[in-house]
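Worksheet for the structure shown next.
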Amino acid sequence: MAAQNSAPPVYKVDTGGRKLVALTFDDGPDPLYTKQILDVLSKYHVKATFFVIGRNARLHPELLFSEIAQGHKVENHTTTHPDLPQCSREEVAREITETDKIIRDLTHRPPHYFRPPKKLFNQAILDVAAHNGYKTVLWSVCVENRSCKTPEEMALRVINRAEPGIIILAHDGNLDRSKTVAALPIIINAYQEAGYTFVTLDELLAAGQ
Ligand SMILES: [Zn+2]
């Protein structure tokens, strides 16, 4: 076994000023919101990255098929969305490897990125992810924020954070995401008008310096 002290998580990417950003979605797939979000992404020709929960993927494989068919990428957000620091090393490994298998079986593509639920992690969790072939990726700014009451406020906060190489997090499951669905077109439109291109995490990391 490799004695590795795995790399810290990725929060943003140094693209050398190229105006690339990644839009990522956690906690789906969800029968109500994932489809609405896919429709928005399709309308604006945006490719995104979905960090799915394995048990949701198992319940709604057709949504993973839609994500892949529309050119998006599917990545690993555990099987049951637990607080990983409360789990044993074996449980952490199982959370990652079960969902790895679910994604491979459904999409015929190996996932590359892991995102721990609620940003809860420690070095041991990063090491288990790395041991299973994953780079841990977090985010620069989150669309959903307690201080924002309306989709317009949510959007403005994310628009004000625009910068090459950032990773934007939004959610397509778990709670009522109707405000997220309404905020997305405002965000996407503003970024595109400012000359940004939305790329998948694969592409953003490949553009890294
Ligand atoms: Zn989550």
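Simple scheme: letters A, B, ... for chains in structure tokens order, numbers from 1 for residues in each chain, numbers from 1 for ligands in the order shown.
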
Any residue with an atom at most 7 Å from ligand 1 counts, using only C-alpha atoms and all ligand atoms. Which are they? Put them as a PDB file with all heavy atoms, in the first residue's frame.
ATOM      1  N   ASP A  26     -24.427  19.246  -6.329  1.00  0.00           N
ATOM      2  CA  ASP A  26     -24.360  18.175  -5.339  1.00  0.00           C
ATOM      3  C   ASP A  26     -25.750  17.662  -4.977  1.00  0.00           C
ATOM      4  O   ASP A  26     -26.736  18.391  -5.093  1.00  0.00           O
ATOM      5  CB  ASP A  26     -23.720  18.691  -4.039  1.00  0.00           C
ATOM      6  CG  ASP A  26     -22.216  18.871  -4.134  1.00  0.00           C
ATOM      7  OD1 ASP A  26     -21.665  18.772  -5.251  1.00  0.00           O
ATOM      8  OD2 ASP A  26     -21.603  19.130  -3.087  1.00  0.00           O
ATOM      9  N   ASP A  27     -25.780  16.429  -4.491  1.00  0.00           N
ATOM     10  CA  ASP A  27     -26.923  15.819  -3.778  1.00  0.00           C
ATOM     11  C   ASP A  27     -28.000  15.207  -4.657  1.00  0.00           C
ATOM     12  O   ASP A  27     -28.948  14.627  -4.145  1.00  0.00           O
ATOM     13  CB  ASP A  27     -27.598  16.797  -2.792  1.00  0.00           C
ATOM     14  CG  ASP A  27     -26.677  17.210  -1.653  1.00  0.00           C
ATOM     15  OD1 ASP A  27     -25.538  16.711  -1.606  1.00  0.00           O
ATOM     16  OD2 ASP A  27     -27.098  18.035  -0.831  1.00  0.00           O
ATOM     17  N   HIS A  77     -20.185  11.623  -4.624  1.00  0.00           N
ATOM     18  CA  HIS A  77     -20.531  12.397  -3.411  1.00  0.00           C
ATOM     19  C   HIS A  77     -20.998  11.439  -2.298  1.00  0.00           C
ATOM     20  O   HIS A  77     -21.880  11.796  -1.521  1.00  0.00           O
ATOM     21  CB  HIS A  77     -21.605  13.422  -3.777  1.00  0.00           C
ATOM     22  CG  HIS A  77     -21.850  14.496  -2.756  1.00  0.00           C
ATOM     23  ND1 HIS A  77     -20.849  15.153  -2.068  1.00  0.00           N
ATOM     24  CD2 HIS A  77     -23.016  15.045  -2.295  1.00  0.00           C
ATOM     25  CE1 HIS A  77     -21.388  16.042  -1.239  1.00  0.00           C
ATOM     26  NE2 HIS A  77     -22.702  15.994  -1.347  1.00  0.00           N
ATOM     27  N   HIS A  81     -24.441   9.984   1.982  1.00  0.00           N
ATOM     28  CA  HIS A  81     -24.274  11.369   2.446  1.00  0.00           C
ATOM     29  C   HIS A  81     -24.082  11.464   3.963  1.00  0.00           C
ATOM     30  O   HIS A  81     -24.711  12.287   4.640  1.00  0.00           O
ATOM     31  CB  HIS A  81     -25.484  12.206   2.004  1.00  0.00           C
ATOM     32  CG  HIS A  81     -25.176  13.666   1.804  1.00  0.00           C
ATOM     33  ND1 HIS A  81     -25.433  14.623   2.771  1.00  0.00           N
ATOM     34  CD2 HIS A  81     -24.642  14.337   0.770  1.00  0.00           C
ATOM     35  CE1 HIS A  81     -25.078  15.810   2.302  1.00  0.00           C
ATOM     36  NE2 HIS A  81     -24.592  15.664   1.094  1.00  0.00           N
ATOM     37  N   PRO A 117     -19.480  15.078   1.827  1.00  0.00           N
ATOM     38  CA  PRO A 117     -20.696  15.802   2.212  1.00  0.00           C
ATOM     39  C   PRO A 117     -20.399  16.895   3.234  1.00  0.00           C
ATOM     40  O   PRO A 117     -19.611  16.698   4.160  1.00  0.00           O
ATOM     41  CB  PRO A 117     -21.579  14.710   2.824  1.00  0.00           C
ATOM     42  CG  PRO A 117     -21.132  13.462   2.139  1.00  0.00           C
ATOM     43  CD  PRO A 117     -19.651  13.633   1.939  1.00  0.00           C
ATOM     44  N   LYS A 118     -21.043  18.015   3.061  1.00  0.00           N
ATOM     45  CA  LYS A 118     -20.996  19.163   3.985  1.00  0.00           C
ATOM     46  C   LYS A 118     -19.579  19.664   4.243  1.00  0.00           C
ATOM     47  O   LYS A 118     -19.308  20.241   5.302  1.00  0.00           O
ATOM     48  CB  LYS A 118     -21.683  18.815   5.303  1.00  0.00           C
ATOM     49  CG  LYS A 118     -23.152  18.440   5.146  1.00  0.00           C
ATOM     50  CD  LYS A 118     -23.767  18.034   6.477  1.00  0.00           C
ATOM     51  CE  LYS A 118     -24.360  16.642   6.387  1.00  0.00           C
ATOM     52  NZ  LYS A 118     -24.789  16.120   7.676  1.00  0.00           N
TER      53      LYS A 118
END

- Message: Quick one: residues within 6 Å of region 171-179 of chain A, only C-alpha atoms, excluding same-chain residues fewer than 5 positions away - as a list in words?
- Response: Phe25, Asp26, Asp27, Gly28, Asp30, Tyr33, Thr34 and Pro151 of chain A

- Exercise: region 83-94 of chain A partners within 7 Å, only C-alpha atoms, chain neighbours under 6 positions left out, as an MDAnalysis selection string: chainID A and resid 117 120:122 125 128

- Item | Residues within 10 Å of region 138-150 of chain A, only C-alpha atoms, excluding chain neighbours under 2 positions, as a VMD selection string | chain A and resid 9 to 13 22 to 25 113 to 119 135 to 136 152 to 159 161 to 163 165 to 171 177 179 to 180 182 to 184 187

Run DSSP on the backbone and grab whatever in region 78-190 of chain A lands in helix (DSSP H, G or I); send it over as an mmCIF file with N, CA, C and O atoms, in the first residue's frame.
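New file result.cif:
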data_model
loop_
_atom_site.group_PDB
_atom_site.id
_atom_site.type_symbol
_atom_site.label_atom_id
_atom_site.label_comp_id
_atom_site.auth_asym_id
_atom_site.auth_seq_id
_atom_site.Cartn_x
_atom_site.Cartn_y
_atom_site.Cartn_z
ATOM 1 N N LEU A 84 -18.660 12.137 7.259
ATOM 2 C CA LEU A 84 -17.574 11.152 7.136
ATOM 3 C C LEU A 84 -16.624 11.109 8.329
ATOM 4 O O LEU A 84 -16.119 10.032 8.665
ATOM 5 N N PRO A 85 -16.342 12.250 9.000
ATOM 6 C CA PRO A 85 -15.430 12.152 10.149
ATOM 7 C C PRO A 85 -15.983 11.265 11.281
ATOM 8 O O PRO A 85 -15.224 10.817 12.135
ATOM 9 N N GLN A 86 -17.304 11.000 11.265
ATOM 10 C CA GLN A 86 -17.895 10.100 12.269
ATOM 11 C C GLN A 86 -17.803 8.635 11.845
ATOM 12 O O GLN A 86 -18.197 7.760 12.603
ATOM 13 N N ARG A 89 -12.729 4.111 8.972
ATOM 14 C CA ARG A 89 -12.025 4.123 7.685
ATOM 15 C C ARG A 89 -12.698 3.176 6.688
ATOM 16 O O ARG A 89 -12.812 3.484 5.502
ATOM 17 N N GLU A 90 -13.158 2.029 7.197
ATOM 18 C CA GLU A 90 -13.822 1.044 6.325
ATOM 19 C C GLU A 90 -15.134 1.614 5.784
ATOM 20 O O GLU A 90 -15.473 1.410 4.615
ATOM 21 N N GLU A 91 -15.873 2.303 6.646
ATOM 22 C CA GLU A 91 -17.144 2.902 6.184
ATOM 23 C C GLU A 91 -16.890 3.993 5.148
ATOM 24 O O GLU A 91 -17.623 4.093 4.159
ATOM 25 N N VAL A 92 -15.854 4.793 5.375
ATOM 26 C CA VAL A 92 -15.510 5.843 4.405
ATOM 27 C C VAL A 92 -15.184 5.195 3.057
ATOM 28 O O VAL A 92 -15.685 5.610 2.007
ATOM 29 N N ALA A 93 -14.375 4.135 3.109
ATOM 30 C CA ALA A 93 -13.992 3.455 1.867
ATOM 31 C C ALA A 93 -15.225 2.898 1.167
ATOM 32 O O ALA A 93 -15.360 3.012 -0.059
ATOM 33 N N ARG A 94 -16.140 2.327 1.942
ATOM 34 C CA ARG A 94 -17.335 1.742 1.340
ATOM 35 C C ARG A 94 -18.221 2.829 0.712
ATOM 36 O O ARG A 94 -18.778 2.643 -0.370
ATOM 37 N N GLU A 95 -18.346 3.963 1.394
ATOM 38 C CA GLU A 95 -19.140 5.078 0.852
ATOM 39 C C GLU A 95 -18.610 5.512 -0.520
ATOM 40 O O GLU A 95 -19.381 5.883 -1.406
ATOM 41 N N ILE A 96 -17.285 5.477 -0.660
ATOM 42 C CA ILE A 96 -16.679 5.913 -1.924
ATOM 43 C C ILE A 96 -16.745 4.809 -2.980
ATOM 44 O O ILE A 96 -17.149 5.054 -4.119
ATOM 45 N N THR A 97 -16.404 3.577 -2.599
ATOM 46 C CA THR A 97 -16.293 2.519 -3.616
ATOM 47 C C THR A 97 -17.659 2.052 -4.117
ATOM 48 O O THR A 97 -17.802 1.711 -5.286
ATOM 49 N N GLU A 98 -18.670 2.067 -3.247
ATOM 50 C CA GLU A 98 -20.016 1.673 -3.712
ATOM 51 C C GLU A 98 -20.511 2.627 -4.784
ATOM 52 O O GLU A 98 -21.048 2.203 -5.812
ATOM 53 N N THR A 99 -20.345 3.914 -4.515
ATOM 54 C CA THR A 99 -20.819 4.908 -5.489
ATOM 55 C C THR A 99 -19.947 4.911 -6.735
ATOM 56 O O THR A 99 -20.441 5.113 -7.844
ATOM 57 N N ASP A 100 -18.664 4.628 -6.559
ATOM 58 C CA ASP A 100 -17.777 4.470 -7.719
ATOM 59 C C ASP A 100 -18.350 3.402 -8.663
ATOM 60 O O ASP A 100 -18.457 3.616 -9.871
ATOM 61 N N LYS A 101 -18.760 2.286 -8.080
ATOM 62 C CA LYS A 101 -19.283 1.180 -8.888
ATOM 63 C C LYS A 101 -20.624 1.552 -9.532
ATOM 64 O O LYS A 101 -20.864 1.249 -10.704
ATOM 65 N N ILE A 102 -21.480 2.210 -8.753
ATOM 66 C CA ILE A 102 -22.791 2.623 -9.297
ATOM 67 C C ILE A 102 -22.582 3.527 -10.520
ATOM 68 O O ILE A 102 -23.196 3.342 -11.566
ATOM 69 N N ILE A 103 -21.667 4.501 -10.392
ATOM 70 C CA ILE A 103 -21.432 5.438 -11.498
ATOM 71 C C ILE A 103 -20.832 4.714 -12.705
ATOM 72 O O ILE A 103 -21.258 4.908 -13.848
ATOM 73 N N ARG A 104 -19.835 3.858 -12.447
ATOM 74 C CA ARG A 104 -19.229 3.111 -13.565
ATOM 75 C C ARG A 104 -20.258 2.253 -14.279
ATOM 76 O O ARG A 104 -20.299 2.189 -15.507
ATOM 77 N N ASP A 105 -21.091 1.547 -13.481
ATOM 78 C CA ASP A 105 -22.076 0.645 -14.087
ATOM 79 C C ASP A 105 -23.088 1.417 -14.939
ATOM 80 O O ASP A 105 -23.489 0.949 -16.000
ATOM 81 N N LEU A 106 -23.500 2.582 -14.448
ATOM 82 C CA LEU A 106 -24.556 3.325 -15.150
ATOM 83 C C LEU A 106 -24.019 4.162 -16.303
ATOM 84 O O LEU A 106 -24.697 4.328 -17.319
ATOM 85 N N THR A 107 -22.823 4.726 -16.131
ATOM 86 C CA THR A 107 -22.347 5.685 -17.146
ATOM 87 C C THR A 107 -21.227 5.117 -18.019
ATOM 88 O O THR A 107 -20.852 5.746 -19.001
ATOM 89 N N PRO A 117 -19.480 15.078 1.827
ATOM 90 C CA PRO A 117 -20.696 15.802 2.212
ATOM 91 C C PRO A 117 -20.399 16.895 3.234
ATOM 92 O O PRO A 117 -19.611 16.698 4.160
ATOM 93 N N LYS A 118 -21.043 18.015 3.061
ATOM 94 C CA LYS A 118 -20.996 19.163 3.985
ATOM 95 C C LYS A 118 -19.579 19.664 4.243
ATOM 96 O O LYS A 118 -19.308 20.241 5.302
ATOM 97 N N LYS A 119 -18.661 19.367 3.320
ATOM 98 C CA LYS A 119 -17.275 19.834 3.446
ATOM 99 C C LYS A 119 -16.621 19.273 4.718
ATOM 100 O O LYS A 119 -15.696 19.875 5.263
ATOM 101 N N GLN A 123 -7.557 14.363 7.106
ATOM 102 C CA GLN A 123 -6.495 13.804 6.251
ATOM 103 C C GLN A 123 -6.766 12.328 5.937
ATOM 104 O O GLN A 123 -6.534 11.873 4.819
ATOM 105 N N ALA A 124 -7.291 11.586 6.914
ATOM 106 C CA ALA A 124 -7.548 10.155 6.677
ATOM 107 C C ALA A 124 -8.572 9.975 5.555
ATOM 108 O O ALA A 124 -8.440 9.074 4.712
ATOM 109 N N ILE A 125 -9.579 10.848 5.517
ATOM 110 C CA ILE A 125 -10.605 10.755 4.469
ATOM 111 C C ILE A 125 -10.010 11.114 3.101
ATOM 112 O O ILE A 125 -10.261 10.429 2.109
ATOM 113 N N LEU A 126 -9.170 12.147 3.072
ATOM 114 C CA LEU A 126 -8.492 12.495 1.808
ATOM 115 C C LEU A 126 -7.635 11.326 1.330
ATOM 116 O O LEU A 126 -7.569 11.035 0.131
ATOM 117 N N ASP A 127 -6.990 10.652 2.285
ATOM 118 C CA ASP A 127 -6.120 9.523 1.926
ATOM 119 C C ASP A 127 -6.931 8.350 1.361
ATOM 120 O O ASP A 127 -6.517 7.719 0.381
ATOM 121 N N VAL A 128 -8.087 8.070 1.965
ATOM 122 C CA VAL A 128 -8.930 6.978 1.453
ATOM 123 C C VAL A 128 -9.409 7.326 0.041
ATOM 124 O O VAL A 128 -9.386 6.474 -0.858
ATOM 125 N N ALA A 129 -9.803 8.574 -0.163
ATOM 126 C CA ALA A 129 -10.244 8.998 -1.500
ATOM 127 C C ALA A 129 -9.101 8.831 -2.501
ATOM 128 O O ALA A 129 -9.283 8.254 -3.579
ATOM 129 N N ALA A 130 -7.919 9.302 -2.140
ATOM 130 C CA ALA A 130 -6.765 9.217 -3.050
ATOM 131 C C ALA A 130 -6.405 7.756 -3.330
ATOM 132 O O ALA A 130 -6.097 7.383 -4.456
ATOM 133 N N HIS A 131 -6.487 6.939 -2.294
ATOM 134 C CA HIS A 131 -6.168 5.517 -2.451
ATOM 135 C C HIS A 131 -7.110 4.852 -3.462
ATOM 136 O O HIS A 131 -6.741 3.890 -4.140
ATOM 137 N N PRO A 151 -33.865 34.440 -5.309
ATOM 138 C CA PRO A 151 -32.959 33.977 -6.373
ATOM 139 C C PRO A 151 -32.056 35.109 -6.869
ATOM 140 O O PRO A 151 -30.885 34.878 -7.184
ATOM 141 N N GLU A 152 -32.586 36.330 -6.905
ATOM 142 C CA GLU A 152 -31.794 37.469 -7.390
ATOM 143 C C GLU A 152 -30.619 37.744 -6.446
ATOM 144 O O GLU A 152 -29.503 38.005 -6.890
ATOM 145 N N GLU A 153 -30.878 37.683 -5.136
ATOM 146 C CA GLU A 153 -29.786 37.886 -4.164
ATOM 147 C C GLU A 153 -28.750 36.768 -4.262
ATOM 148 O O GLU A 153 -27.542 37.000 -4.174
ATOM 149 N N MET A 154 -29.253 35.537 -4.424
ATOM 150 C CA MET A 154 -28.335 34.398 -4.564
ATOM 151 C C MET A 154 -27.441 34.603 -5.784
ATOM 152 O O MET A 154 -26.217 34.414 -5.729
ATOM 153 N N ALA A 155 -28.068 35.002 -6.891
ATOM 154 C CA ALA A 155 -27.320 35.169 -8.140
ATOM 155 C C ALA A 155 -26.290 36.290 -8.016
ATOM 156 O O ALA A 155 -25.122 36.119 -8.403
ATOM 157 N N LEU A 156 -26.704 37.406 -7.442
ATOM 158 C CA LEU A 156 -25.809 38.560 -7.350
ATOM 159 C C LEU A 156 -24.551 38.212 -6.549
ATOM 160 O O LEU A 156 -23.430 38.596 -6.901
ATOM 161 N N ARG A 157 -24.737 37.463 -5.476
ATOM 162 C CA ARG A 157 -23.604 37.078 -4.638
ATOM 163 C C ARG A 157 -22.584 36.249 -5.446
ATOM 164 O O ARG A 157 -21.377 36.444 -5.332
ATOM 165 N N VAL A 158 -23.095 35.355 -6.278
ATOM 166 C CA VAL A 158 -22.196 34.506 -7.075
ATOM 167 C C VAL A 158 -21.575 35.312 -8.227
ATOM 168 O O VAL A 158 -20.410 35.125 -8.565
ATOM 169 N N ILE A 159 -22.347 36.224 -8.778
ATOM 170 C CA ILE A 159 -21.837 37.064 -9.876
ATOM 171 C C ILE A 159 -20.708 37.963 -9.352
ATOM 172 O O ILE A 159 -19.695 38.161 -10.026
ATOM 173 N N ASN A 160 -20.864 38.471 -8.137
ATOM 174 C CA ASN A 160 -19.831 39.336 -7.550
ATOM 175 C C ASN A 160 -18.528 38.589 -7.272
ATOM 176 O O ASN A 160 -17.492 39.214 -7.087
ATOM 177 N N SER A 178 -36.052 25.155 -5.713
ATOM 178 C CA SER A 178 -36.694 25.999 -6.727
ATOM 179 C C SER A 178 -35.987 27.358 -6.862
ATOM 180 O O SER A 178 -35.888 27.903 -7.956
ATOM 181 N N LYS A 179 -35.456 27.885 -5.742
ATOM 182 C CA LYS A 179 -34.733 29.163 -5.842
ATOM 183 C C LYS A 179 -33.418 28.991 -6.604
ATOM 184 O O LYS A 179 -32.995 29.888 -7.336
ATOM 185 N N THR A 180 -32.789 27.849 -6.435
ATOM 186 C CA THR A 180 -31.563 27.568 -7.198
ATOM 187 C C THR A 180 -31.868 27.536 -8.686
ATOM 188 O O THR A 180 -31.144 28.128 -9.497
ATOM 189 N N VAL A 181 -32.963 26.847 -9.032
ATOM 190 C CA VAL A 181 -33.350 26.748 -10.443
ATOM 191 C C VAL A 181 -33.599 28.149 -11.018
ATOM 192 O O VAL A 181 -33.239 28.433 -12.162
ATOM 193 N N ALA A 182 -34.192 29.027 -10.205
ATOM 194 C CA ALA A 182 -34.481 30.386 -10.680
ATOM 195 C C ALA A 182 -33.221 31.253 -10.728
ATOM 196 O O ALA A 182 -33.112 32.154 -11.566
ATOM 197 N N ALA A 183 -32.268 31.005 -9.843
ATOM 198 C CA ALA A 183 -31.034 31.813 -9.813
ATOM 199 C C ALA A 183 -30.081 31.453 -10.948
ATOM 200 O O ALA A 183 -29.334 32.307 -11.440
ATOM 201 N N LEU A 184 -30.112 30.201 -11.375
ATOM 202 C CA LEU A 184 -29.114 29.730 -12.353
ATOM 203 C C LEU A 184 -29.074 30.518 -13.660
ATOM 204 O O LEU A 184 -27.981 30.908 -14.111
ATOM 205 N N PRO A 185 -30.225 30.783 -14.300
ATOM 206 C CA PRO A 185 -30.149 31.532 -15.566
ATOM 207 C C PRO A 185 -29.534 32.920 -15.386
ATOM 208 O O PRO A 185 -28.812 33.390 -16.268
ATOM 209 N N ILE A 186 -29.798 33.555 -14.242
ATOM 210 C CA ILE A 186 -29.242 34.900 -13.995
ATOM 211 C C ILE A 186 -27.717 34.794 -13.881
ATOM 212 O O ILE A 186 -26.976 35.600 -14.457
ATOM 213 N N ILE A 187 -27.261 33.794 -13.146
ATOM 214 C CA ILE A 187 -25.816 33.600 -12.963
ATOM 215 C C ILE A 187 -25.143 33.280 -14.292
ATOM 216 O O ILE A 187 -24.145 33.905 -14.681
ATOM 217 N N ILE A 188 -25.708 32.321 -15.005
ATOM 218 C CA ILE A 188 -25.089 31.863 -16.250
ATOM 219 C C ILE A 188 -25.030 33.008 -17.262
ATOM 220 O O ILE A 188 -23.999 33.258 -17.894
ATOM 221 N N ASN A 189 -26.122 33.721 -17.374
ATOM 222 C CA ASN A 189 -26.186 34.827 -18.315
ATOM 223 C C ASN A 189 -25.124 35.885 -18.001
ATOM 224 O O ASN A 189 -24.404 36.350 -18.885
ATOM 225 N N ALA A 190 -24.990 36.248 -16.725
ATOM 226 C CA ALA A 190 -24.025 37.285 -16.338
ATOM 227 C C ALA A 190 -22.593 36.820 -16.611
ATOM 228 O O ALA A 190 -21.767 37.593 -17.121
#
